[in-house]
Amino acid sequence: MQESSLGPIPLPAAGQRAAGRFTFTGDEGLAKYEWPYIAIVGKVSGPTVLITAGIHAAEYTGIEAAIRLGREIDPARVHGIVLVIPLLNRPGFYERSVYVNPEDGDNLNRLFPGRADGTWGERFAHRLLTEIVVRFDHAIDLHAGDLVEELTPFVIYRETGDSALDERITRMANAYGARWAVRSAPAGRRQSSDWRRPSPSSSASPWPT
Ligand SMILES: [Zn+2]
């Protein structure tokens, strides 16, 4: 039996696509925003795939790619579920914010796993991770050159130490077809440099880099 929702996101019937907006209830700071999504449920069951973009709000080509994927993937060809959330940094988008989230001046991409009682970005990261991301088998976060960047397409993926998971992650990174892949340190041992230059054009599961 197919689930009728994935966290705060209602799902359409099998073989259908639905677009809408969701929010994180019970948190005034988060709930003043709505996040657009496109959910595609195949007729046949299969893996669940999450595609996100816009955690850096001015990386427009990643956002555009996510929107096109959501519009163009044919539900009849999907086995499983594809959920597209094309704009994670919702506060930053209309301010054309480069790298950071204007709610707290932080880089959302560095705040995972977040904190339930933290800053805006930490709370967003916590809710996104615990209510949405963990429900998926695969997660892909699309980036791009930010407003002030020009970069070569590449993938960042994280090594987890779980060999079965690492093999799946490597397969995802290779499937993307980029010439370059950057292996990121396991969670908690992040390298000191941030990824602003070059910023990731795409990153494969696990969430996030
Ligand atoms: Zn980015």
# chains A, B, ... in the order shown; residues from 1 in each chain; ligands from 1

call {"tool": "residues_around", "arguments": {"residues": "Val148 in chain A", "least_positions_apart": "3", "cutoff": "10 Å", "atoms": "only C-alpha atoms", "output": "list in words"}}
result
Ala58, Glu59, Val98, Gly145 and Arg197 of chain A

call {"tool": "write_last_selection", "arguments": {"atoms": "N, CA and C atoms", "output": "short mmCIF file (atom, residue, chain, number, x, y, z; two decimals), in the first residue's frame"}}
result
data_model
loop_
_atom_site.label_atom_id
_atom_site.label_comp_id
_atom_site.auth_asym_id
_atom_site.auth_seq_id
_atom_site.Cartn_x
_atom_site.Cartn_y
_atom_site.Cartn_z
N ALA A 58 21.21 31.44 -5.04
CA ALA A 58 21.48 32.08 -6.32
C ALA A 58 22.20 31.13 -7.29
N GLU A 59 22.16 29.84 -6.99
CA GLU A 59 22.72 28.86 -7.92
C GLU A 59 21.60 28.40 -8.85
N VAL A 98 23.83 35.40 -2.02
CA VAL A 98 24.92 34.52 -2.45
C VAL A 98 25.43 33.77 -1.22
N GLY A 145 27.26 26.96 -10.27
CA GLY A 145 28.07 28.13 -9.99
C GLY A 145 27.19 29.21 -9.39
N ARG A 197 34.58 27.85 -3.22
CA ARG A 197 35.29 27.91 -4.51
C ARG A 197 36.07 26.64 -4.70
#

call {"tool": "select_by_dssp", "arguments": {"residues": "range 4-207 of chain A", "states": "alpha helix (DSSP H)", "output": "PyMOL selection string"}}
result
chain A and resi 28-31+60-72+90-93+120-131+163-176

call {"tool": "write_last_selection", "arguments": {"atoms": "N, CA and C atoms", "output": "CSV table (one decimal), in the first residue's frame"}}
result
chain,number,residue,atom,x,y,z
A,28,GLU,N,7.2,29.2,14.2
A,28,GLU,CA,6.8,30.5,13.6
A,28,GLU,C,7.8,31.0,12.6
A,29,GLY,N,9.1,30.9,12.9
A,29,GLY,CA,10.1,31.3,12.0
A,29,GLY,C,10.1,30.6,10.7
A,30,LEU,N,9.9,29.3,10.7
A,30,LEU,CA,9.9,28.5,9.5
A,30,LEU,C,8.6,28.5,8.8
A,31,ALA,N,7.5,28.6,9.6
A,31,ALA,CA,6.2,28.4,9.0
A,31,ALA,C,5.7,29.7,8.3
A,60,TYR,N,21.3,29.3,-9.8
A,60,TYR,CA,20.0,29.2,-10.5
A,60,TYR,C,20.0,28.0,-11.4
A,61,THR,N,21.1,27.6,-12.0
A,61,THR,CA,20.9,26.5,-13.0
A,61,THR,C,20.6,25.2,-12.3
A,62,GLY,N,21.0,25.0,-11.0
A,62,GLY,CA,20.6,23.8,-10.3
A,62,GLY,C,19.1,23.9,-10.0
A,63,ILE,N,18.6,25.0,-9.6
A,63,ILE,CA,17.2,25.2,-9.4
A,63,ILE,C,16.4,24.9,-10.6
A,64,GLU,N,16.8,25.5,-11.7
A,64,GLU,CA,16.1,25.3,-13.0
A,64,GLU,C,16.1,23.8,-13.4
A,65,ALA,N,17.3,23.2,-13.2
A,65,ALA,CA,17.4,21.7,-13.6
A,65,ALA,C,16.4,20.9,-12.7
A,66,ALA,N,16.2,21.3,-11.5
A,66,ALA,CA,15.3,20.5,-10.6
A,66,ALA,C,13.9,20.7,-11.0
A,67,ILE,N,13.5,22.0,-11.4
A,67,ILE,CA,12.2,22.3,-11.9
A,67,ILE,C,11.9,21.5,-13.2
A,68,ARG,N,12.8,21.5,-14.1
A,68,ARG,CA,12.6,20.8,-15.3
A,68,ARG,C,12.5,19.3,-15.1
A,69,LEU,N,13.3,18.8,-14.2
A,69,LEU,CA,13.1,17.3,-13.9
A,69,LEU,C,11.7,17.0,-13.4
A,70,GLY,N,11.3,17.9,-12.5
A,70,GLY,CA,10.0,17.7,-11.9
A,70,GLY,C,8.9,17.7,-12.9
A,71,ARG,N,9.0,18.6,-13.9
A,71,ARG,CA,8.0,18.8,-14.9
A,71,ARG,C,8.1,17.7,-16.0
A,72,GLU,N,9.3,17.2,-16.3
A,72,GLU,CA,9.4,16.4,-17.5
A,72,GLU,C,9.5,14.9,-17.2
A,90,ARG,N,14.7,29.2,0.8
A,90,ARG,CA,13.6,30.0,0.4
A,90,ARG,C,13.7,31.5,0.8
A,91,PRO,N,14.3,31.7,2.0
A,91,PRO,CA,14.5,33.1,2.4
A,91,PRO,C,15.5,33.9,1.5
A,92,GLY,N,16.4,33.2,1.0
A,92,GLY,CA,17.5,33.8,0.2
A,92,GLY,C,17.2,34.1,-1.2
A,93,PHE,N,16.1,33.4,-1.7
A,93,PHE,CA,15.9,33.5,-3.2
A,93,PHE,C,15.6,34.9,-3.7
A,120,TRP,N,17.6,29.7,12.9
A,120,TRP,CA,16.7,29.4,11.8
A,120,TRP,C,17.2,28.3,10.9
A,121,GLY,N,18.5,28.5,10.5
A,121,GLY,CA,19.1,27.5,9.6
A,121,GLY,C,19.2,26.1,10.3
A,122,GLU,N,19.6,26.1,11.6
A,122,GLU,CA,19.8,24.8,12.3
A,122,GLU,C,18.4,24.1,12.4
A,123,ARG,N,17.4,24.9,12.7
A,123,ARG,CA,16.1,24.3,12.8
A,123,ARG,C,15.5,23.8,11.5
A,124,PHE,N,15.8,24.6,10.4
A,124,PHE,CA,15.4,24.1,9.1
A,124,PHE,C,16.1,22.8,8.7
A,125,ALA,N,17.4,22.8,9.0
A,125,ALA,CA,18.2,21.6,8.7
A,125,ALA,C,17.7,20.4,9.4
A,126,HIS,N,17.4,20.6,10.7
A,126,HIS,CA,16.9,19.5,11.5
A,126,HIS,C,15.5,19.0,11.0
A,127,ARG,N,14.6,19.9,10.7
A,127,ARG,CA,13.3,19.5,10.3
A,127,ARG,C,13.4,18.8,8.9
A,128,LEU,N,14.1,19.4,8.0
A,128,LEU,CA,14.3,18.8,6.6
A,128,LEU,C,14.9,17.4,6.7
A,129,LEU,N,15.9,17.3,7.5
A,129,LEU,CA,16.6,16.0,7.6
A,129,LEU,C,15.6,14.9,8.3
A,130,THR,N,15.1,15.3,9.4
A,130,THR,CA,14.3,14.2,10.2
A,130,THR,C,12.9,14.0,9.6
A,131,GLU,N,12.3,15.0,8.9
A,131,GLU,CA,11.0,14.8,8.4
A,131,GLU,C,10.9,14.4,7.0
A,163,SER,N,30.1,-0.1,3.9
A,163,SER,CA,30.6,-0.4,2.6
A,163,SER,C,29.4,-0.6,1.6
A,164,ALA,N,28.3,-1.1,2.0
A,164,ALA,CA,27.2,-1.3,1.1
A,164,ALA,C,26.6,0.1,0.7
A,165,LEU,N,26.6,1.0,1.7
A,165,LEU,CA,26.1,2.4,1.4
A,165,LEU,C,27.1,3.1,0.5
A,166,ASP,N,28.4,2.9,0.9
A,166,ASP,CA,29.4,3.6,0.1
A,166,ASP,C,29.4,3.2,-1.4
A,167,GLU,N,29.1,1.9,-1.6
A,167,GLU,CA,29.1,1.4,-3.0
A,167,GLU,C,27.9,2.0,-3.7
A,168,ARG,N,26.8,2.1,-3.0
A,168,ARG,CA,25.6,2.7,-3.7
A,168,ARG,C,25.8,4.2,-4.0
A,169,ILE,N,26.5,4.9,-3.1
A,169,ILE,CA,26.8,6.3,-3.3
A,169,ILE,C,27.8,6.5,-4.4
A,170,THR,N,28.8,5.6,-4.5
A,170,THR,CA,29.7,5.7,-5.6
A,170,THR,C,29.0,5.5,-7.0
A,171,ARG,N,28.1,4.5,-7.0
A,171,ARG,CA,27.4,4.3,-8.2
A,171,ARG,C,26.6,5.5,-8.6
A,172,MET,N,26.0,6.1,-7.6
A,172,MET,CA,25.2,7.4,-8.0
A,172,MET,C,26.1,8.5,-8.5
A,173,ALA,N,27.3,8.6,-7.9
A,173,ALA,CA,28.2,9.7,-8.3
A,173,ALA,C,28.7,9.4,-9.7
A,174,ASN,N,29.0,8.1,-10.0
A,174,ASN,CA,29.4,7.7,-11.4
A,174,ASN,C,28.3,7.9,-12.4
A,175,ALA,N,27.1,7.6,-12.0
A,175,ALA,CA,26.0,7.7,-12.9
A,175,ALA,C,25.8,9.1,-13.4
A,176,TYR,N,26.2,10.1,-12.6
A,176,TYR,CA,26.0,11.5,-13.0
A,176,TYR,C,26.8,11.8,-14.3

call {"tool": "residues_around", "arguments": {"residues": "Thr48 in chain A", "least_positions_apart": "2", "cutoff": "10 Å", "atoms": "only C-alpha atoms", "output": "count of residues only"}}
result
14

call {"tool": "atom_distance", "arguments": {"atom1": "CA of Thr23 in chain A", "atom2": "CA of Pro8 in chain A"}}
result
7.2 Å

call {"tool": "closest_residue", "arguments": {"among": "A:Leu11, A:His56, A:Tyr33, A:Ser5", "to": "Leu142 in chain A", "atoms": "only C-alpha atoms"}}
result
A:His56

call {"tool": "closest_residue", "arguments": {"among": "A:Phe154, A:Trp180, A:Tyr99, A:Phe112", "to": "ligand 1", "atoms": "only C-alpha atoms and all ligand atoms"}}
result
A:Tyr99

call {"tool": "decode", "arguments": {"residues": "range 83-131 of chain A", "atoms": "C-alpha atoms", "output": "PDB file, in the first residue's frame"}}
result
ATOM      1  CA  LEU A  83      10.217  14.155  -4.960  1.00  0.00           C
ATOM      2  CA  VAL A  84      11.684  17.435  -6.183  1.00  0.00           C
ATOM      3  CA  ILE A  85      12.183  20.382  -3.825  1.00  0.00           C
ATOM      4  CA  PRO A  86      13.790  22.959  -6.117  1.00  0.00           C
ATOM      5  CA  LEU A  87      14.404  25.791  -3.655  1.00  0.00           C
ATOM      6  CA  LEU A  88      15.631  24.936  -0.163  1.00  0.00           C
ATOM      7  CA  ASN A  89      16.938  28.398   0.735  1.00  0.00           C
ATOM      8  CA  ARG A  90      13.553  29.986   0.419  1.00  0.00           C
ATOM      9  CA  PRO A  91      14.455  33.146   2.410  1.00  0.00           C
ATOM     10  CA  GLY A  92      17.493  33.805   0.235  1.00  0.00           C
ATOM     11  CA  PHE A  93      15.903  33.513  -3.187  1.00  0.00           C
ATOM     12  CA  TYR A  94      14.136  36.845  -3.471  1.00  0.00           C
ATOM     13  CA  GLU A  95      17.119  38.652  -1.973  1.00  0.00           C
ATOM     14  CA  ARG A  96      19.473  37.076  -4.522  1.00  0.00           C
ATOM     15  CA  SER A  97      21.533  35.983  -1.561  1.00  0.00           C
ATOM     16  CA  VAL A  98      24.917  34.516  -2.446  1.00  0.00           C
ATOM     17  CA  TYR A  99      25.961  31.541  -0.255  1.00  0.00           C
ATOM     18  CA  VAL A 100      24.032  32.455   2.880  1.00  0.00           C
ATOM     19  CA  ASN A 101      20.534  32.541   4.277  1.00  0.00           C
ATOM     20  CA  PRO A 102      19.423  36.077   5.192  1.00  0.00           C
ATOM     21  CA  GLU A 103      17.480  34.786   8.209  1.00  0.00           C
ATOM     22  CA  ASP A 104      20.716  34.192  10.113  1.00  0.00           C
ATOM     23  CA  GLY A 105      23.588  34.947   7.736  1.00  0.00           C
ATOM     24  CA  ASP A 106      24.680  31.308   7.791  1.00  0.00           C
ATOM     25  CA  ASN A 107      25.456  28.864   4.984  1.00  0.00           C
ATOM     26  CA  LEU A 108      22.581  26.364   5.164  1.00  0.00           C
ATOM     27  CA  ASN A 109      24.710  23.720   3.515  1.00  0.00           C
ATOM     28  CA  ARG A 110      26.998  23.609   6.558  1.00  0.00           C
ATOM     29  CA  LEU A 111      24.349  23.257   9.244  1.00  0.00           C
ATOM     30  CA  PHE A 112      23.279  19.617   8.972  1.00  0.00           C
ATOM     31  CA  PRO A 113      22.181  17.718  10.995  1.00  0.00           C
ATOM     32  CA  GLY A 114      20.974  20.947  12.585  1.00  0.00           C
ATOM     33  CA  ARG A 115      19.312  21.368  15.964  1.00  0.00           C
ATOM     34  CA  ALA A 116      15.683  21.362  17.048  1.00  0.00           C
ATOM     35  CA  ASP A 117      16.190  24.474  19.201  1.00  0.00           C
ATOM     36  CA  GLY A 118      18.873  26.237  17.182  1.00  0.00           C
ATOM     37  CA  THR A 119      19.044  29.152  14.775  1.00  0.00           C
ATOM     38  CA  TRP A 120      16.668  29.422  11.825  1.00  0.00           C
ATOM     39  CA  GLY A 121      19.068  27.472   9.635  1.00  0.00           C
ATOM     40  CA  GLU A 122      19.750  24.815  12.263  1.00  0.00           C
ATOM     41  CA  ARG A 123      16.054  24.292  12.848  1.00  0.00           C
ATOM     42  CA  PHE A 124      15.384  24.115   9.103  1.00  0.00           C
ATOM     43  CA  ALA A 125      18.195  21.579   8.657  1.00  0.00           C
ATOM     44  CA  HIS A 126      16.863  19.476  11.537  1.00  0.00           C
ATOM     45  CA  ARG A 127      13.276  19.466  10.254  1.00  0.00           C
ATOM     46  CA  LEU A 128      14.284  18.829   6.631  1.00  0.00           C
ATOM     47  CA  LEU A 129      16.554  15.968   7.620  1.00  0.00           C
ATOM     48  CA  THR A 130      14.322  14.248  10.175  1.00  0.00           C
ATOM     49  CA  GLU A 131      10.967  14.758   8.440  1.00  0.00           C
TER      50      GLU A 131
END
